[in-house]
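S.K.: Got a structure for you, written out below as structure tokens; questions coming shortly.
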Amino acid sequence: MLNKFRDPNLSRKLLDRLGDELDGELRFMEVCGTHTVAIFQSGLRSLLPEGVVHLSGPGCPVCVTHESEVNAFLDLAGRDNVILATFGDLMRVPGNNGRNLKQAQADGARVKVVYSPFDTLKLAKENPGDTVVFIGVGFETTAPTIAATMKMAREQGIDNLQVLCFHKTVPQALIALMDDPDTRIDGFILPGHVSAIIGLEPYRFIADRYARSAVVTGFEPVDILQALVSMVEWRNQGVARVENYYTRIVPDQGNPTAMSVMYEVFEPADALWRGLGEIPGSGLEIRPEWESFDAKKSFGVTISETPPLPGCRCGQVLKGVIRPDECPLFKKVCTPAKPVGPCMVSTEGSCAAYFKYQVD
Amino acid sequence: MSDKVLLDYGSGGRASQRLVSELFLKYLGNDELNRLNDAAELDLKGRVAMSTDSFTVDPIFFPGGNIGSLAVHGTVNDVAMMGAIPRYITCGYIIEEGLPMSDLERIVAAMGEAARHAGVNVVTGDTKVVPKGAVDKIFINTTGIGEIIVDPSPSGDRARPGDVVLISGTIGDHGLTILGTREGLEFEAGVQSDSAALNHLLVKLVQELPDVHVLRDPTRGGVATTLNEIAGSSDVCVELDENALPIRPEVSGGCSILGLDPLYLANEGKFLCIVPGEYEEQALEIMRADAIGQDACRIGVVTDANPGKVVLVTQLGGKRLLNMLEGEQLPRIC
């Protein structure tokens, strides 16, 4: 079925239509890192009409993980009787001193890359004398599975599993972006995975309050192009709309079961975003009744604002104020081998995507 | 012998001798190795290609092979990529105390079978047994040596604009199999390692084609990394056609789930071949006539547009860079 969403002929027609309909400039931001990579990997970026300005937003969970959060999990790595469990993305994220989990592992820290949070249940059972700490990073996509893992751990009487909860929620970040006077965004490509959980309603404010359009869409070229064509057409008609074009995966109402599990275990809280600062209500914390799973509490982890890395303009990249290649550090001192800022760290970060895929 | 490998077997004494005579010579024995001298006496003529590799694969048994057959294939293929006929091979075993003897026997037997099939003799070797935990089950080092039969040899710095880039078969099978087996993931039936000796086909290729510019096996780092090395060494651009890349649907699907790119996954039974454009059909014909090259196809061309870079022309007709892999591929969050 996916083939029709990758059809080069259909894509070409949509590209032509986009060019024909475009009257001026369209500055669109894709919020999700997977879209960033999809736009580059398909070669779509090199084919977009000149007036279409492509910006990458704060939708890569690794990118927006705050420096002090990174320092916190690096601080736990190597502690006695602690096994850190993480998705692979975080292994290369540097802390303030440039050290990352790969180096911590080489120094003897017990770090286990897992493919699913459920893998941590087995890990905890196999290591009864240790505390397995899962680094809970990610958006609404990841949080329900981690909540379900905690519920399962409680049911199975596993008491040596904890979660270092740094989850963030997408809609509040979009509000912060729209309220920022520096940003100039005409429309959003909304994240497919996150929307599968939260549905369409939480995004309505984009049209209602800010008179901008937004489309939830999939990751294939036809998905993305159809969304762009529609946003240009709506603008030409003088309307702003929020629509779901990813109905094959995303129900308009999202996934109520996943949301319910997520909010049974977590509750909204303020959160620090790398590059964007503190955004009210944009994070998730473990509820008091699940406190025994809370690694922040048991290890006394505090998260605080820290100065950005010298010279790094990731914050402006995440807000779409500048393109990655407009940062003076890009490709010079900041590369995937030695990333200065978070956007270069993650494979889905916008700077890493520019570095990796941009031909010229 | 005991049912597990004991430290005694690495002592150099009688236990070691028993291990060598009852296991290694049983599966790897030949006139030269059976003499058990301190070094092997070799009969080689002319220019010689030599290569060494260490194998630390986890898991040691996987669909399509094991560490023993892999150690032979890896080294034989490296020698053959120089336009050489691999003749002799050495093997060094570092074994963790406690490895089941039956596992070791399966590995040595697979090595013997792979060497016979490749037509190489294991002429000298070494066995060490180290305390539990000092290595992960078993590590094997192999060195291969062979006679170069063409002049000049295929080499990574000989790609020229106008050349075509061919591959002998599907991409990413070995890498996904290893990763899947290691993590206990089950993929659709049909995904297995492509580990194989390529030397017979390669010898035929270099003997029948007047000028093969580059031969490389895209092992660790995969096709993308290998082509980047070639683009850098030759100071040319390799332009790959995404539509032409032979990737099994099950490999593509497995990669999609795990957030991996098959172009960066290891292959152990495939080779890249860069030849002047006019030899494309002839090269493909030779490759497809052999069972291990039946899926051979052209995947790209060499140009002078962006020297040192690999550019992928996507299914959509757009262009993007195909960079060298930075570190290992890691599964993503979402």
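By convention in this document, the chains of the structure tokens carry letters A, B, ... by their order, each chain's residues are numbered from 1, and ligands are numbered from 1 in the order they are shown.
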Based on the backbone DSSP call, show me all residues of region 107-308 of chain B assigned strand (DSSP E or B), as a PyMOL selection string.
M.R.: chain B and resi 121-130+138-148+163-167+214-216+237-241+272-276+297-303
S.K.: Can you pull out the residues contacting region 232-247 of chain A? Cut-off 6 Å, using only C-alpha atoms, and skip same-chain residues under 5 positions away; I want them as a CSV table (one decimal) with N, CA and C atoms, in the first residue's frame.
M.R.:
chain,number,residue,atom,x,y,z
A,207,ALA,N,-5.0,27.0,14.2
A,207,ALA,CA,-5.9,27.8,13.3
A,207,ALA,C,-6.7,28.8,14.1
A,211,ALA,N,-4.3,31.6,13.4
A,211,ALA,CA,-4.6,31.7,12.0
A,211,ALA,C,-3.6,31.1,11.1
A,212,ARG,N,-3.0,30.0,11.5
A,212,ARG,CA,-2.1,29.3,10.6
A,212,ARG,C,-2.7,27.9,10.4
A,213,SER,N,-2.2,27.2,9.3
A,213,SER,CA,-2.7,25.9,9.0
A,213,SER,C,-1.7,24.8,9.5
A,214,ALA,N,-2.3,23.6,9.7
A,214,ALA,CA,-1.4,22.5,10.1
A,214,ALA,C,-2.0,21.2,9.6
A,215,VAL,N,-1.2,20.3,9.2
A,215,VAL,CA,-1.7,19.0,8.7
A,215,VAL,C,-0.9,17.8,9.4
A,216,VAL,N,-1.7,16.9,10.0
A,216,VAL,CA,-1.1,15.7,10.5
A,216,VAL,C,-0.9,14.8,9.2
A,217,THR,N,0.3,14.3,9.1
A,217,THR,CA,0.5,13.5,7.8
A,217,THR,C,1.6,12.5,8.0
A,218,GLY,N,1.6,11.5,7.1
A,218,GLY,CA,2.6,10.4,7.1
A,218,GLY,C,3.9,10.9,6.6
S.K.: Counting only C-alpha atoms, which residues of chain A come no farther than 6 Å from chain B, as a list in words?
M.R.: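 That gives the following set of residues: Pro8, Ser42, Gly43, Leu44, Ser46, Leu47, Phe87, Gly88, Asp89, Lys356, Tyr357, Gln358 and Val359 of chain A.
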S.K.: Can you tell me which residues surround Gly64 (chain B) at a distance of at most 8 Å, considering only C-alpha atoms, apart from same-chain residues fewer than 6 positions away, and format the answer as a PyMOL selection string?
M.R.: chain B and resi 192-195
S.K.: Please produce an output containing N, CA, C and O atoms for each residue in the selection, written as a short mmCIF file (atom, residue, chain, number, x, y, z; two decimals), in the first residue's frame.
M.R.:
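Output saved as part_22.cif:
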data_model
loop_
_atom_site.label_atom_id
_atom_site.label_comp_id
_atom_site.auth_asym_id
_atom_site.auth_seq_id
_atom_site.Cartn_x
_atom_site.Cartn_y
_atom_site.Cartn_z
N GLN B 192 18.51 -14.34 6.06
CA GLN B 192 19.64 -15.04 6.65
C GLN B 192 20.94 -14.45 6.12
O GLN B 192 20.93 -13.75 5.11
N SER B 193 22.02 -14.74 6.84
CA SER B 193 23.31 -14.17 6.44
C SER B 193 23.65 -14.62 5.02
O SER B 193 23.35 -15.75 4.63
N ASP B 194 24.33 -13.74 4.28
CA ASP B 194 24.76 -14.10 2.92
C ASP B 194 26.20 -14.60 2.92
O ASP B 194 26.80 -14.76 1.86
N SER B 195 26.74 -14.87 4.11
CA SER B 195 28.15 -15.27 4.23
C SER B 195 28.52 -16.34 3.19
O SER B 195 27.91 -17.39 3.13
#
S.K.: I'd like the contact shell of region 278-294 of chain A - 6 Å cut-off, only C-alpha atoms, skipping same-chain residues fewer than 5 positions apart - returned as a list in words.
M.R.: Gln162, Val163, His167, Lys168, Thr169, Gln172, Val265, Phe266, Glu267, Pro268, Ala269, Asp270, Ala271 and Leu272 of chain A
S.K.: Select, from B:Glu229, B:Asp136, B:Asp173, B:Asp151, the residue with the minimum atom-to-atom distance to Leu263 (chain B), counting only C-alpha atoms.
M.R.: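 Nearest to Leu263 (chain B): B:Asp173.
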S.K.: Among region 108-204 of chain A, which residues does DSSP mark as helix (DSSP H, G or I) when it is run on the backbone? Keep the chain and numbering as in the structure and answer as a ChimeraX atom specification.
M.R.: /A:119-126,143-155,170-179,192-198,201-203
S.K.: Which polymer residues have any atom within 9 Å of an atom of Leu205 (chain B), counting only C-alpha atoms, with same-chain residues fewer than 3 positions away left out, as a PyMOL selection string?
M.R.: chain B and resi 83+200-202+208-209+212+283+286-287
S.K.: Deliver the residues from the most recent selection as a file, using N, CA, C and O atoms, as a PDB file, in the first residue's frame.
M.R.:
ATOM      1  N   GLY B  83      42.162  -9.159  -6.885  1.00  0.00           N
ATOM      2  CA  GLY B  83      42.408  -9.855  -8.146  1.00  0.00           C
ATOM      3  C   GLY B  83      43.382 -11.006  -7.920  1.00  0.00           C
ATOM      4  O   GLY B  83      44.248 -11.271  -8.757  1.00  0.00           O
ATOM      5  N   HIS B 200      35.875 -17.771  -6.246  1.00  0.00           N
ATOM      6  CA  HIS B 200      35.790 -18.443  -7.551  1.00  0.00           C
ATOM      7  C   HIS B 200      35.181 -17.512  -8.602  1.00  0.00           C
ATOM      8  O   HIS B 200      35.678 -17.410  -9.718  1.00  0.00           O
ATOM      9  N   LEU B 201      34.117 -16.813  -8.199  1.00  0.00           N
ATOM     10  CA  LEU B 201      33.479 -15.875  -9.132  1.00  0.00           C
ATOM     11  C   LEU B 201      34.413 -14.701  -9.443  1.00  0.00           C
ATOM     12  O   LEU B 201      34.527 -14.269 -10.598  1.00  0.00           O
ATOM     13  N   LEU B 202      35.106 -14.212  -8.424  1.00  0.00           N
ATOM     14  CA  LEU B 202      35.989 -13.054  -8.629  1.00  0.00           C
ATOM     15  C   LEU B 202      37.145 -13.390  -9.565  1.00  0.00           C
ATOM     16  O   LEU B 202      37.528 -12.588 -10.421  1.00  0.00           O
ATOM     17  N   GLU B 208      38.344 -12.852 -17.143  1.00  0.00           N
ATOM     18  CA  GLU B 208      37.613 -12.675 -18.397  1.00  0.00           C
ATOM     19  C   GLU B 208      37.425 -11.221 -18.799  1.00  0.00           C
ATOM     20  O   GLU B 208      37.185 -10.924 -19.958  1.00  0.00           O
ATOM     21  N   LEU B 209      37.511 -10.317 -17.819  1.00  0.00           N
ATOM     22  CA  LEU B 209      37.355  -8.891 -18.140  1.00  0.00           C
ATOM     23  C   LEU B 209      38.718  -8.229 -18.182  1.00  0.00           C
ATOM     24  O   LEU B 209      39.514  -8.402 -17.271  1.00  0.00           O
ATOM     25  N   VAL B 212      39.158  -4.523 -14.628  1.00  0.00           N
ATOM     26  CA  VAL B 212      38.264  -4.274 -13.504  1.00  0.00           C
ATOM     27  C   VAL B 212      38.928  -3.211 -12.635  1.00  0.00           C
ATOM     28  O   VAL B 212      40.021  -3.429 -12.117  1.00  0.00           O
ATOM     29  N   ALA B 283      30.278  -7.920 -17.575  1.00  0.00           N
ATOM     30  CA  ALA B 283      30.507  -8.175 -16.146  1.00  0.00           C
ATOM     31  C   ALA B 283      29.256  -8.772 -15.499  1.00  0.00           C
ATOM     32  O   ALA B 283      29.337  -9.760 -14.755  1.00  0.00           O
ATOM     33  N   ILE B 286      28.782 -12.455 -16.459  1.00  0.00           N
ATOM     34  CA  ILE B 286      29.676 -13.366 -15.721  1.00  0.00           C
ATOM     35  C   ILE B 286      29.141 -13.554 -14.297  1.00  0.00           C
ATOM     36  O   ILE B 286      29.079 -14.669 -13.767  1.00  0.00           O
ATOM     37  N   MET B 287      28.738 -12.457 -13.681  1.00  0.00           N
ATOM     38  CA  MET B 287      28.268 -12.531 -12.290  1.00  0.00           C
ATOM     39  C   MET B 287      26.983 -13.355 -12.189  1.00  0.00           C
ATOM     40  O   MET B 287      26.822 -14.204 -11.319  1.00  0.00           O
TER      41      MET B 287
END
S.K.: Can you pull out every residue within 12 Å of Ser304 (chain A), counting only C-alpha atoms, but drop anything in the same chain fewer than 6 positions away, and send it as a PyMOL selection string?
M.R.: chain A and resi 66-72+270-274+277-278
S.K.: Between CA of Gly192 (chain A) and CA of Leu14 (chain A), measure the distance and give it in Å to one decimal.
M.R.: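 Separating CA of Gly192 (chain A) from CA of Leu14 (chain A) is a distance of 20.3 Å.
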S.K.: Find the residues near Asp163 (chain B): any atom within 12 Å, counting only C-alpha atoms, skip ones fewer than 5 places away on the same chain, and give them as a VMD selection string.
M.R.: chain B and resid 158 211 to 214 234 236 to 239 273 to 280 298 to 304
S.K.: Tell me, in Å to one decimal, how far CA of Thr181 (chain B) is from CA of Val57 (chain B).
M.R.: 11.3 Å
S.K.: Taking only C-alpha atoms into account, name the residue in A:Gly275, A:Gly187, A:Gly341, A:Pro128 that is nearest to Thr306 (chain A).
M.R.: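 Under the stated criterion, the closest residue is A:Gly275.
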S.K.: Quick one: of A:Gly315, A:Gly95, A:Pro221, A:Gly136, who's nearest to Ser11 (chain A), counting only C-alpha atoms?
M.R.: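 Closest candidate: A:Pro221.
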S.K.: How many Å separate CA of Lys45 (chain B) from CA of Ala84 (chain B)?
M.R.: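 CA of Ala84 (chain B) lies 11.5 Å from CA of Lys45 (chain B).
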